[in-house]
Every structure is written in structure tokens, then in C-alpha cells.
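Structure below is coords.cif: mmCIF, N, CA, C and O atoms.
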```cif
data_query
#
loop_
_atom_site.group_PDB
_atom_site.id
_atom_site.type_symbol
_atom_site.label_atom_id
_atom_site.label_comp_id
_atom_site.auth_asym_id
_atom_site.auth_seq_id
_atom_site.Cartn_x
_atom_site.Cartn_y
_atom_site.Cartn_z
ATOM 1 N N MET I 578 13.217 136.777 -11.932
ATOM 2 C CA MET I 578 13.659 135.415 -11.749
ATOM 3 C C MET I 578 15.099 135.277 -12.229
ATOM 4 O O MET I 578 15.472 135.801 -13.259
ATOM 5 N N THR I 579 15.804 134.514 -11.500
ATOM 6 C CA THR I 579 17.195 134.293 -11.879
ATOM 7 C C THR I 579 17.277 133.116 -12.840
ATOM 8 O O THR I 579 16.332 132.335 -12.982
ATOM 9 N N ALA I 580 18.409 132.999 -13.479
ATOM 10 C CA ALA I 580 18.616 131.897 -14.423
ATOM 11 C C ALA I 580 18.559 130.557 -13.697
ATOM 12 O O ALA I 580 18.073 129.560 -14.243
ATOM 13 N N ARG I 581 19.022 130.543 -12.474
ATOM 14 C CA ARG I 581 19.014 129.291 -11.707
ATOM 15 C C ARG I 581 17.576 128.865 -11.394
ATOM 16 O O ARG I 581 17.240 127.673 -11.481
ATOM 17 N N THR I 582 16.704 129.795 -11.070
ATOM 18 C CA THR I 582 15.304 129.488 -10.776
ATOM 19 C C THR I 582 14.595 128.973 -12.024
ATOM 20 O O THR I 582 13.824 127.999 -11.962
ATOM 21 N N VAL I 583 14.862 129.597 -13.159
ATOM 22 C CA VAL I 583 14.255 129.158 -14.416
ATOM 23 C C VAL I 583 14.734 127.743 -14.756
ATOM 24 O O VAL I 583 13.937 126.877 -15.152
ATOM 25 N N ARG I 584 16.017 127.490 -14.584
ATOM 26 C CA ARG I 584 16.569 126.168 -14.875
ATOM 27 C C ARG I 584 15.952 125.111 -13.971
ATOM 28 O O ARG I 584 15.550 124.046 -14.425
ATOM 29 N N ASN I 585 15.851 125.407 -12.685
ATOM 30 C CA ASN I 585 15.257 124.450 -11.741
ATOM 31 C C ASN I 585 13.781 124.202 -12.055
ATOM 32 O O ASN I 585 13.290 123.077 -11.925
ATOM 33 N N THR I 586 13.078 125.229 -12.467
ATOM 34 C CA THR I 586 11.664 125.083 -12.827
ATOM 35 C C THR I 586 11.526 124.191 -14.061
ATOM 36 O O THR I 586 10.673 123.305 -14.101
ATOM 37 N N LEU I 587 12.356 124.418 -15.063
ATOM 38 C CA LEU I 587 12.315 123.589 -16.263
ATOM 39 C C LEU I 587 12.670 122.139 -15.963
ATOM 40 O O LEU I 587 12.038 121.204 -16.478
ATOM 41 N N ILE I 588 13.663 121.930 -15.129
ATOM 42 C CA ILE I 588 14.038 120.563 -14.744
ATOM 43 C C ILE I 588 12.881 119.887 -14.012
ATOM 44 O O ILE I 588 12.574 118.717 -14.247
ATOM 45 N N GLY I 589 12.215 120.623 -13.140
ATOM 46 C CA GLY I 589 11.064 120.073 -12.422
ATOM 47 C C GLY I 589 9.926 119.713 -13.361
ATOM 48 O O GLY I 589 9.315 118.648 -13.229
ATOM 49 N N LEU I 590 9.657 120.578 -14.335
ATOM 50 C CA LEU I 590 8.585 120.292 -15.298
ATOM 51 C C LEU I 590 8.924 119.085 -16.170
ATOM 52 O O LEU I 590 8.066 118.235 -16.433
ATOM 53 N N VAL I 591 10.161 118.998 -16.611
ATOM 54 C CA VAL I 591 10.579 117.845 -17.410
ATOM 55 C C VAL I 591 10.460 116.566 -16.587
ATOM 56 O O VAL I 591 10.018 115.532 -17.090
ATOM 57 N N ALA I 592 10.828 116.622 -15.315
ATOM 58 C CA ALA I 592 10.720 115.444 -14.451
ATOM 59 C C ALA I 592 9.262 115.029 -14.276
ATOM 60 O O ALA I 592 8.933 113.834 -14.332
ATOM 61 N N ILE I 593 8.371 115.983 -14.102
ATOM 62 C CA ILE I 593 6.936 115.676 -13.938
ATOM 63 C C ILE I 593 6.386 115.043 -15.207
ATOM 64 O O ILE I 593 5.664 114.045 -15.154
ATOM 65 N N VAL I 594 6.729 115.607 -16.357
ATOM 66 C CA VAL I 594 6.249 115.054 -17.626
ATOM 67 C C VAL I 594 6.821 113.651 -17.847
ATOM 68 O O VAL I 594 6.114 112.743 -18.313
ATOM 69 N N ALA I 595 8.085 113.436 -17.499
ATOM 70 C CA ALA I 595 8.705 112.122 -17.668
ATOM 71 C C ALA I 595 8.031 111.079 -16.775
ATOM 72 O O ALA I 595 7.748 109.958 -17.217
ATOM 73 N N VAL I 596 7.757 111.431 -15.536
ATOM 74 C CA VAL I 596 7.101 110.497 -14.613
ATOM 75 C C VAL I 596 5.684 110.198 -15.087
ATOM 76 O O VAL I 596 5.236 109.040 -15.072
ATOM 77 N N ALA I 597 4.963 111.225 -15.540
ATOM 78 C CA ALA I 597 3.599 111.009 -16.033
ATOM 79 C C ALA I 597 3.613 110.138 -17.290
ATOM 80 O O ALA I 597 2.778 109.248 -17.447
ATOM 81 N N GLY I 598 4.565 110.377 -18.181
ATOM 82 C CA GLY I 598 4.668 109.560 -19.384
ATOM 83 C C GLY I 598 5.011 108.123 -19.070
ATOM 84 O O GLY I 598 4.459 107.191 -19.664
ATOM 85 N N LEU I 599 5.912 107.911 -18.144
ATOM 86 C CA LEU I 599 6.272 106.560 -17.730
ATOM 87 C C LEU I 599 5.082 105.854 -17.071
ATOM 88 O O LEU I 599 4.832 104.679 -17.332
ATOM 89 N N ALA I 600 4.338 106.576 -16.253
ATOM 90 C CA ALA I 600 3.150 105.992 -15.616
ATOM 91 C C ALA I 600 2.118 105.602 -16.667
ATOM 92 O O ALA I 600 1.505 104.532 -16.579
ATOM 93 N N LEU I 601 1.926 106.426 -17.680
ATOM 94 C CA LEU I 601 0.991 106.109 -18.758
ATOM 95 C C LEU I 601 1.457 104.893 -19.536
ATOM 96 O O LEU I 601 0.665 104.006 -19.860
ATOM 97 N N LEU I 602 2.737 104.813 -19.818
ATOM 98 C CA LEU I 602 3.284 103.672 -20.540
ATOM 99 C C LEU I 602 3.091 102.377 -19.753
ATOM 100 O O LEU I 602 2.673 101.353 -20.304
ATOM 101 N N VAL I 603 3.349 102.397 -18.466
ATOM 102 C CA VAL I 603 3.163 101.209 -17.627
ATOM 103 C C VAL I 603 1.687 100.834 -17.561
ATOM 104 O O VAL I 603 1.325 99.663 -17.655
ATOM 105 N N TRP I 604 0.811 101.820 -17.462
ATOM 106 C CA TRP I 604 -0.632 101.562 -17.399
ATOM 107 C C TRP I 604 -1.103 100.888 -18.684
ATOM 108 O O TRP I 604 -1.857 99.916 -18.641
ATOM 109 N N VAL I 605 -0.664 101.371 -19.836
ATOM 110 C CA VAL I 605 -1.056 100.767 -21.116
ATOM 111 C C VAL I 605 -0.472 99.365 -21.236
ATOM 112 O O VAL I 605 -1.142 98.444 -21.708
ATOM 113 N N TRP I 606 0.757 99.180 -20.823
ATOM 114 C CA TRP I 606 1.431 97.887 -20.943
ATOM 115 C C TRP I 606 0.759 96.818 -20.077
ATOM 116 O O TRP I 606 0.700 95.647 -20.449
ATOM 117 N N LEU I 607 0.226 97.202 -18.923
ATOM 118 C CA LEU I 607 -0.362 96.237 -18.000
ATOM 119 C C LEU I 607 -1.837 95.948 -18.259
ATOM 120 O O LEU I 607 -2.430 95.142 -17.547
ATOM 121 N N GLN I 608 -2.442 96.561 -19.268
ATOM 122 C CA GLN I 608 -3.843 96.303 -19.578
ATOM 123 C C GLN I 608 -3.992 94.888 -20.128
ATOM 124 O O GLN I 608 -3.101 94.382 -20.802
ATOM 125 N N PRO I 609 -5.142 94.242 -19.853
ATOM 126 C CA PRO I 609 -5.341 92.896 -20.400
ATOM 127 C C PRO I 609 -5.503 92.955 -21.917
ATOM 128 O O PRO I 609 -5.900 93.969 -22.479
ATOM 129 N N GLY I 610 -5.194 91.857 -22.579
ATOM 130 C CA GLY I 610 -5.320 91.785 -24.024
ATOM 131 C C GLY I 610 -6.776 91.717 -24.450
ATOM 132 O O GLY I 610 -7.693 91.704 -23.624
ATOM 133 N N PRO I 611 -7.036 91.651 -25.753
ATOM 134 C CA PRO I 611 -8.408 91.646 -26.253
ATOM 135 C C PRO I 611 -9.204 90.407 -25.848
ATOM 136 O O PRO I 611 -10.424 90.425 -25.857
ATOM 137 N N THR I 612 -8.518 89.326 -25.483
ATOM 138 C CA THR I 612 -9.213 88.125 -25.022
ATOM 139 C C THR I 612 -8.918 87.855 -23.555
ATOM 140 O O THR I 612 -9.005 86.713 -23.105
ATOM 141 N N GLY I 613 -8.592 88.883 -22.806
ATOM 142 C CA GLY I 613 -8.264 88.731 -21.399
ATOM 143 C C GLY I 613 -9.439 88.253 -20.558
ATOM 144 O O GLY I 613 -9.252 87.704 -19.483
ATOM 145 N N PHE I 614 -10.661 88.451 -21.043
ATOM 146 C CA PHE I 614 -11.844 88.025 -20.291
ATOM 147 C C PHE I 614 -12.067 86.523 -20.394
ATOM 148 O O PHE I 614 -12.772 85.942 -19.578
ATOM 149 N N ALA I 615 -11.512 85.891 -21.419
ATOM 150 C CA ALA I 615 -11.750 84.469 -21.664
ATOM 151 C C ALA I 615 -10.782 83.631 -20.845
ATOM 152 O O ALA I 615 -9.610 83.955 -20.713
ATOM 153 N N SER I 616 -11.307 82.564 -20.329
ATOM 154 C CA SER I 616 -10.425 81.648 -19.603
ATOM 155 C C SER I 616 -10.216 80.404 -20.452
ATOM 156 O O SER I 616 -10.978 80.118 -21.366
ATOM 157 N N GLY I 617 -9.214 79.677 -20.176
ATOM 158 C CA GLY I 617 -8.943 78.460 -20.917
ATOM 159 C C GLY I 617 -7.793 78.632 -21.880
ATOM 160 O O GLY I 617 -7.165 79.687 -21.982
ATOM 161 N N LYS I 618 -7.526 77.562 -22.597
ATOM 162 C CA LYS I 618 -6.394 77.513 -23.509
ATOM 163 C C LYS I 618 -6.833 77.932 -24.913
ATOM 164 O O LYS I 618 -7.856 77.458 -25.406
ATOM 165 N N PRO I 619 -6.075 78.782 -25.612
ATOM 166 C CA PRO I 619 -6.438 79.146 -26.985
ATOM 167 C C PRO I 619 -6.338 77.927 -27.917
ATOM 168 O O PRO I 619 -5.492 77.059 -27.732
ATOM 169 N N VAL I 620 -7.226 77.890 -28.899
ATOM 170 C CA VAL I 620 -7.265 76.796 -29.859
ATOM 171 C C VAL I 620 -7.171 77.396 -31.260
ATOM 172 O O VAL I 620 -7.858 78.355 -31.572
ATOM 173 N N ASP I 621 -6.318 76.816 -32.105
ATOM 174 C CA ASP I 621 -6.244 77.257 -33.498
ATOM 175 C C ASP I 621 -7.546 76.918 -34.211
ATOM 176 O O ASP I 621 -8.139 75.856 -33.987
ATOM 177 N N LEU I 622 -8.002 77.798 -35.099
ATOM 178 C CA LEU I 622 -9.276 77.574 -35.771
ATOM 179 C C LEU I 622 -9.241 76.378 -36.713
ATOM 180 O O LEU I 622 -10.281 75.770 -36.961
ATOM 181 N N ASP I 623 -8.085 76.022 -37.236
ATOM 182 C CA ASP I 623 -8.038 74.876 -38.148
ATOM 183 C C ASP I 623 -8.222 73.537 -37.424
ATOM 184 O O ASP I 623 -8.548 72.536 -38.062
ATOM 185 N N VAL I 624 -8.058 73.487 -36.118
ATOM 186 C CA VAL I 624 -8.292 72.257 -35.362
ATOM 187 C C VAL I 624 -9.552 72.351 -34.494
ATOM 188 O O VAL I 624 -9.862 71.429 -33.762
ATOM 189 N N TYR I 625 -10.292 73.444 -34.616
ATOM 190 C CA TYR I 625 -11.516 73.649 -33.827
ATOM 191 C C TYR I 625 -12.677 72.964 -34.529
ATOM 192 O O TYR I 625 -12.910 73.170 -35.721
ATOM 193 N N HIS I 626 -13.428 72.138 -33.797
ATOM 194 C CA HIS I 626 -14.544 71.410 -34.402
ATOM 195 C C HIS I 626 -15.862 71.683 -33.686
ATOM 196 O O HIS I 626 -16.818 70.939 -33.866
ATOM 197 N N GLY I 627 -15.944 72.734 -32.904
ATOM 198 C CA GLY I 627 -17.176 73.076 -32.199
ATOM 199 C C GLY I 627 -18.082 73.943 -33.061
ATOM 200 O O GLY I 627 -17.941 74.018 -34.282
ATOM 201 N N ARG I 628 -19.027 74.605 -32.408
ATOM 202 C CA ARG I 628 -19.926 75.510 -33.119
ATOM 203 C C ARG I 628 -19.135 76.658 -33.738
ATOM 204 O O ARG I 628 -18.021 76.944 -33.333
ATOM 205 N N SER I 629 -19.743 77.354 -34.659
ATOM 206 C CA SER I 629 -19.082 78.460 -35.341
ATOM 207 C C SER I 629 -18.761 79.570 -34.341
ATOM 208 O O SER I 629 -19.652 80.068 -33.652
ATOM 209 N N PRO I 630 -17.509 79.972 -34.250
ATOM 210 C CA PRO I 630 -17.158 81.029 -33.297
ATOM 211 C C PRO I 630 -17.609 82.407 -33.755
ATOM 212 O O PRO I 630 -17.508 83.369 -33.022
ATOM 213 N N THR I 631 -18.149 82.516 -34.980
ATOM 214 C CA THR I 631 -18.589 83.812 -35.487
ATOM 215 C C THR I 631 -19.975 84.186 -34.994
ATOM 216 O O THR I 631 -20.360 85.341 -35.061
ATOM 217 N N GLY I 632 -20.756 83.209 -34.539
ATOM 218 C CA GLY I 632 -22.105 83.484 -34.065
ATOM 219 C C GLY I 632 -23.144 83.458 -35.168
ATOM 220 O O GLY I 632 -24.314 83.755 -34.928
ATOM 221 N N VAL I 633 -22.744 83.129 -36.389
ATOM 222 C CA VAL I 633 -23.700 83.054 -37.497
ATOM 223 C C VAL I 633 -24.474 81.743 -37.371
ATOM 224 O O VAL I 633 -23.873 80.676 -37.224
ATOM 225 N N PRO I 634 -25.820 81.785 -37.432
ATOM 226 C CA PRO I 634 -26.595 80.541 -37.348
ATOM 227 C C PRO I 634 -26.230 79.590 -38.480
ATOM 228 O O PRO I 634 -25.837 80.000 -39.569
ATOM 229 N N VAL I 635 -26.394 78.299 -38.224
ATOM 230 C CA VAL I 635 -26.013 77.272 -39.188
ATOM 231 C C VAL I 635 -26.754 77.461 -40.505
ATOM 232 O O VAL I 635 -26.179 77.316 -41.586
ATOM 233 N N GLU I 636 -28.048 77.792 -40.445
ATOM 234 C CA GLU I 636 -28.844 77.923 -41.675
ATOM 235 C C GLU I 636 -28.425 79.125 -42.525
ATOM 236 O O GLU I 636 -28.741 79.206 -43.698
ATOM 237 N N LEU I 637 -27.686 80.060 -41.939
ATOM 238 C CA LEU I 637 -27.236 81.234 -42.693
ATOM 239 C C LEU I 637 -25.735 81.221 -42.976
ATOM 240 O O LEU I 637 -25.213 82.162 -43.559
ATOM 241 N N ALA I 638 -25.044 80.177 -42.595
ATOM 242 C CA ALA I 638 -23.590 80.149 -42.737
ATOM 243 C C ALA I 638 -23.142 80.271 -44.181
ATOM 244 O O ALA I 638 -22.136 80.909 -44.474
ATOM 245 N N SER I 639 -23.892 79.680 -45.112
ATOM 246 C CA SER I 639 -23.496 79.753 -46.518
ATOM 247 C C SER I 639 -24.343 80.751 -47.298
ATOM 248 O O SER I 639 -24.243 80.810 -48.518
ATOM 249 N N ALA I 640 -25.183 81.522 -46.638
ATOM 250 C CA ALA I 640 -26.042 82.500 -47.317
ATOM 251 C C ALA I 640 -25.237 83.735 -47.697
ATOM 252 O O ALA I 640 -24.199 84.034 -47.110
ATOM 253 N N ASP I 641 -25.754 84.459 -48.691
ATOM 254 C CA ASP I 641 -25.088 85.704 -49.077
ATOM 255 C C ASP I 641 -25.408 86.794 -48.041
ATOM 256 O O ASP I 641 -26.268 86.623 -47.192
ATOM 257 N N LEU I 642 -24.703 87.906 -48.113
ATOM 258 C CA LEU I 642 -24.844 88.953 -47.099
ATOM 259 C C LEU I 642 -26.247 89.542 -47.054
ATOM 260 O O LEU I 642 -26.737 89.904 -45.988
ATOM 261 N N LEU I 643 -26.919 89.632 -48.204
ATOM 262 C CA LEU I 643 -28.269 90.189 -48.233
ATOM 263 C C LEU I 643 -29.219 89.316 -47.424
ATOM 264 O O LEU I 643 -30.009 89.811 -46.619
ATOM 265 N N ASN I 644 -29.142 88.008 -47.598
ATOM 266 C CA ASN I 644 -30.015 87.103 -46.846
ATOM 267 C C ASN I 644 -29.617 87.022 -45.379
ATOM 268 O O ASN I 644 -30.468 86.820 -44.519
ATOM 269 N N ARG I 645 -28.343 87.179 -45.067
ATOM 270 C CA ARG I 645 -27.933 87.176 -43.661
ATOM 271 C C ARG I 645 -28.533 88.347 -42.911
ATOM 272 O O ARG I 645 -28.886 88.241 -41.749
ATOM 273 N N GLY I 646 -28.633 89.487 -43.558
ATOM 274 C CA GLY I 646 -29.134 90.686 -42.893
ATOM 275 C C GLY I 646 -30.634 90.857 -42.961
ATOM 276 O O GLY I 646 -31.185 91.756 -42.349
ATOM 277 N N ARG I 647 -31.320 90.005 -43.685
ATOM 278 C CA ARG I 647 -32.775 90.129 -43.851
ATOM 279 C C ARG I 647 -33.479 89.729 -42.553
ATOM 280 O O ARG I 647 -33.125 88.749 -41.906
ATOM 281 N N TYR I 648 -34.489 90.516 -42.177
ATOM 282 C CA TYR I 648 -35.308 90.173 -41.011
ATOM 283 C C TYR I 648 -36.179 88.965 -41.338
ATOM 284 O O TYR I 648 -36.663 88.817 -42.467
ATOM 285 N N PRO I 649 -36.443 88.107 -40.360
ATOM 286 C CA PRO I 649 -37.309 86.952 -40.632
ATOM 287 C C PRO I 649 -38.732 87.414 -40.896
ATOM 288 O O PRO I 649 -39.194 88.436 -40.371
ATOM 289 N N ASP I 650 -39.441 86.646 -41.686
ATOM 290 C CA ASP I 650 -40.830 86.949 -42.007
ATOM 291 C C ASP I 650 -41.686 86.628 -40.790
ATOM 292 O O ASP I 650 -41.737 85.490 -40.337
ATOM 293 N N PRO I 651 -42.359 87.642 -40.211
ATOM 294 C CA PRO I 651 -43.153 87.389 -38.989
ATOM 295 C C PRO I 651 -44.367 86.516 -39.223
ATOM 296 O O PRO I 651 -44.912 85.954 -38.293
ATOM 297 N N SER I 652 -44.813 86.386 -40.468
ATOM 298 C CA SER I 652 -45.999 85.580 -40.720
ATOM 299 C C SER I 652 -45.710 84.085 -40.757
ATOM 300 O O SER I 652 -46.618 83.280 -40.745
ATOM 301 N N SER I 653 -44.431 83.710 -40.803
ATOM 302 C CA SER I 653 -44.128 82.273 -40.847
ATOM 303 C C SER I 653 -43.707 81.729 -39.518
ATOM 304 O O SER I 653 -43.514 82.329 -38.560
#
```

Represent the supplied structure as C-alpha cells.
Amino acid sequence: MTARTVRNTLIGLVAIVAVAGLALLVWVWLQPGPTGFASGKPVDLDVYHGRSPTGVPVELASADLLNRGRYPDPSS
């Protein structure tokens, strides 16, 4: 192989890697955000007055972690 062939091969490989890297960067940049599935306007939590957005039931909202994780008694 001549020096010119080696140089052209290296330039081609660098170009392929650059294009692939740019394509990956664009793909990551165009992904939806973590709340992309939700529609509507975002609301600050300090002005939110609806149900708890955490999903914790009302009766367990002030319970300690042990009681939150306890299974309900099937006999009651």
C-alpha cells in the first residue's frame, strides 16, 4: 500500500466515524423528554391543589415507611 492509499483510508474512516457520531448526537437530542408522554401545561407543585401526584393513598400520606410498605391484613 502506498502512503496515499493509507491516508485516503484513514480520512474515509474518520469521516465515517464523524458522520456516525453526529447522527447519534442528533438522535439523542431529538428524543422526547421524561414527561414527553404527558399532554397539557406543566404546573408548579406549590400551586397544585389536586390529588397527590406521588400516588400514595391519602390514609398513608403521613405514615412512616414501615407502615407504607406493610401488606394489608386480609382478615379485615

Kindly provide, as AutoDock Vina command-line options, the centre and edge lengths (Å, one decimal) of an axis-aligned box around all atoms of range 608-617 of chain I given in the file, with 4 Å on each side.
```
--center_x -7.6 --center_y 87.5 --center_z -22.8 --size_x 18.3 --size_y 26.1 --size_z 15.0
```

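The interatomic distance for the pair CA of Ser639 in chain I and CA of Val620 in chain I works out to 23.4 Å.
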
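CA of Leu622 in chain I is positioned 22.4 Å from CA of Leu642 in chain I.
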
For this session: Give the helix (DSSP H, G or I) residues of range 582-652 of chain I, as assigned by DSSP on the backbone, as a PyMOL selection string.
Result: chain I and resi 582-606+622-624+635-637+642-646

Please, could you write that set of residues out with N, CA, C and O atoms as a compact mmCIF listing (two decimals), in the frame of the given file?
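File written: part.txt
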```txt
# COMPACT_ATOMS: atom_id res chain seq x y z
N THR I 582 16.70 129.79 -11.07
CA THR I 582 15.30 129.49 -10.78
C THR I 582 14.60 128.97 -12.02
O THR I 582 13.82 128.00 -11.96
N VAL I 583 14.86 129.60 -13.16
CA VAL I 583 14.26 129.16 -14.42
C VAL I 583 14.73 127.74 -14.76
O VAL I 583 13.94 126.88 -15.15
N ARG I 584 16.02 127.49 -14.58
CA ARG I 584 16.57 126.17 -14.88
C ARG I 584 15.95 125.11 -13.97
O ARG I 584 15.55 124.05 -14.42
N ASN I 585 15.85 125.41 -12.68
CA ASN I 585 15.26 124.45 -11.74
C ASN I 585 13.78 124.20 -12.06
O ASN I 585 13.29 123.08 -11.92
N THR I 586 13.08 125.23 -12.47
CA THR I 586 11.66 125.08 -12.83
C THR I 586 11.53 124.19 -14.06
O THR I 586 10.67 123.30 -14.10
N LEU I 587 12.36 124.42 -15.06
CA LEU I 587 12.32 123.59 -16.26
C LEU I 587 12.67 122.14 -15.96
O LEU I 587 12.04 121.20 -16.48
N ILE I 588 13.66 121.93 -15.13
CA ILE I 588 14.04 120.56 -14.74
C ILE I 588 12.88 119.89 -14.01
O ILE I 588 12.57 118.72 -14.25
N GLY I 589 12.22 120.62 -13.14
CA GLY I 589 11.06 120.07 -12.42
C GLY I 589 9.93 119.71 -13.36
O GLY I 589 9.32 118.65 -13.23
N LEU I 590 9.66 120.58 -14.34
CA LEU I 590 8.59 120.29 -15.30
C LEU I 590 8.92 119.08 -16.17
O LEU I 590 8.07 118.24 -16.43
N VAL I 591 10.16 119.00 -16.61
CA VAL I 591 10.58 117.84 -17.41
C VAL I 591 10.46 116.57 -16.59
O VAL I 591 10.02 115.53 -17.09
N ALA I 592 10.83 116.62 -15.32
CA ALA I 592 10.72 115.44 -14.45
C ALA I 592 9.26 115.03 -14.28
O ALA I 592 8.93 113.83 -14.33
N ILE I 593 8.37 115.98 -14.10
CA ILE I 593 6.94 115.68 -13.94
C ILE I 593 6.39 115.04 -15.21
O ILE I 593 5.66 114.04 -15.15
N VAL I 594 6.73 115.61 -16.36
CA VAL I 594 6.25 115.05 -17.63
C VAL I 594 6.82 113.65 -17.85
O VAL I 594 6.11 112.74 -18.31
N ALA I 595 8.09 113.44 -17.50
CA ALA I 595 8.70 112.12 -17.67
C ALA I 595 8.03 111.08 -16.77
O ALA I 595 7.75 109.96 -17.22
N VAL I 596 7.76 111.43 -15.54
CA VAL I 596 7.10 110.50 -14.61
C VAL I 596 5.68 110.20 -15.09
O VAL I 596 5.24 109.04 -15.07
N ALA I 597 4.96 111.22 -15.54
CA ALA I 597 3.60 111.01 -16.03
C ALA I 597 3.61 110.14 -17.29
O ALA I 597 2.78 109.25 -17.45
N GLY I 598 4.57 110.38 -18.18
CA GLY I 598 4.67 109.56 -19.38
C GLY I 598 5.01 108.12 -19.07
O GLY I 598 4.46 107.19 -19.66
N LEU I 599 5.91 107.91 -18.14
CA LEU I 599 6.27 106.56 -17.73
C LEU I 599 5.08 105.85 -17.07
O LEU I 599 4.83 104.68 -17.33
N ALA I 600 4.34 106.58 -16.25
CA ALA I 600 3.15 105.99 -15.62
C ALA I 600 2.12 105.60 -16.67
O ALA I 600 1.50 104.53 -16.58
N LEU I 601 1.93 106.43 -17.68
CA LEU I 601 0.99 106.11 -18.76
C LEU I 601 1.46 104.89 -19.54
O LEU I 601 0.66 104.01 -19.86
N LEU I 602 2.74 104.81 -19.82
CA LEU I 602 3.28 103.67 -20.54
C LEU I 602 3.09 102.38 -19.75
O LEU I 602 2.67 101.35 -20.30
N VAL I 603 3.35 102.40 -18.47
CA VAL I 603 3.16 101.21 -17.63
C VAL I 603 1.69 100.83 -17.56
O VAL I 603 1.32 99.66 -17.66
N TRP I 604 0.81 101.82 -17.46
CA TRP I 604 -0.63 101.56 -17.40
C TRP I 604 -1.10 100.89 -18.68
O TRP I 604 -1.86 99.92 -18.64
N VAL I 605 -0.66 101.37 -19.84
CA VAL I 605 -1.06 100.77 -21.12
C VAL I 605 -0.47 99.36 -21.24
O VAL I 605 -1.14 98.44 -21.71
N TRP I 606 0.76 99.18 -20.82
CA TRP I 606 1.43 97.89 -20.94
C TRP I 606 0.76 96.82 -20.08
O TRP I 606 0.70 95.65 -20.45
N LEU I 622 -8.00 77.80 -35.10
CA LEU I 622 -9.28 77.57 -35.77
C LEU I 622 -9.24 76.38 -36.71
O LEU I 622 -10.28 75.77 -36.96
N ASP I 623 -8.09 76.02 -37.24
CA ASP I 623 -8.04 74.88 -38.15
C ASP I 623 -8.22 73.54 -37.42
O ASP I 623 -8.55 72.54 -38.06
N VAL I 624 -8.06 73.49 -36.12
CA VAL I 624 -8.29 72.26 -35.36
C VAL I 624 -9.55 72.35 -34.49
O VAL I 624 -9.86 71.43 -33.76
N VAL I 635 -26.39 78.30 -38.22
CA VAL I 635 -26.01 77.27 -39.19
C VAL I 635 -26.75 77.46 -40.51
O VAL I 635 -26.18 77.32 -41.59
N GLU I 636 -28.05 77.79 -40.44
CA GLU I 636 -28.84 77.92 -41.68
C GLU I 636 -28.42 79.12 -42.52
O GLU I 636 -28.74 79.21 -43.70
N LEU I 637 -27.69 80.06 -41.94
CA LEU I 637 -27.24 81.23 -42.69
C LEU I 637 -25.74 81.22 -42.98
O LEU I 637 -25.21 82.16 -43.56
N LEU I 642 -24.70 87.91 -48.11
CA LEU I 642 -24.84 88.95 -47.10
C LEU I 642 -26.25 89.54 -47.05
O LEU I 642 -26.74 89.90 -45.99
N LEU I 643 -26.92 89.63 -48.20
CA LEU I 643 -28.27 90.19 -48.23
C LEU I 643 -29.22 89.32 -47.42
O LEU I 643 -30.01 89.81 -46.62
N ASN I 644 -29.14 88.01 -47.60
CA ASN I 644 -30.02 87.10 -46.85
C ASN I 644 -29.62 87.02 -45.38
O ASN I 644 -30.47 86.82 -44.52
N ARG I 645 -28.34 87.18 -45.07
CA ARG I 645 -27.93 87.18 -43.66
C ARG I 645 -28.53 88.35 -42.91
O ARG I 645 -28.89 88.24 -41.75
N GLY I 646 -28.63 89.49 -43.56
CA GLY I 646 -29.13 90.69 -42.89
C GLY I 646 -30.63 90.86 -42.96
O GLY I 646 -31.18 91.76 -42.35
```

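Here CA of Phe614 in chain I stands at a distance of 15.7 Å from CA of Pro630 in chain I.
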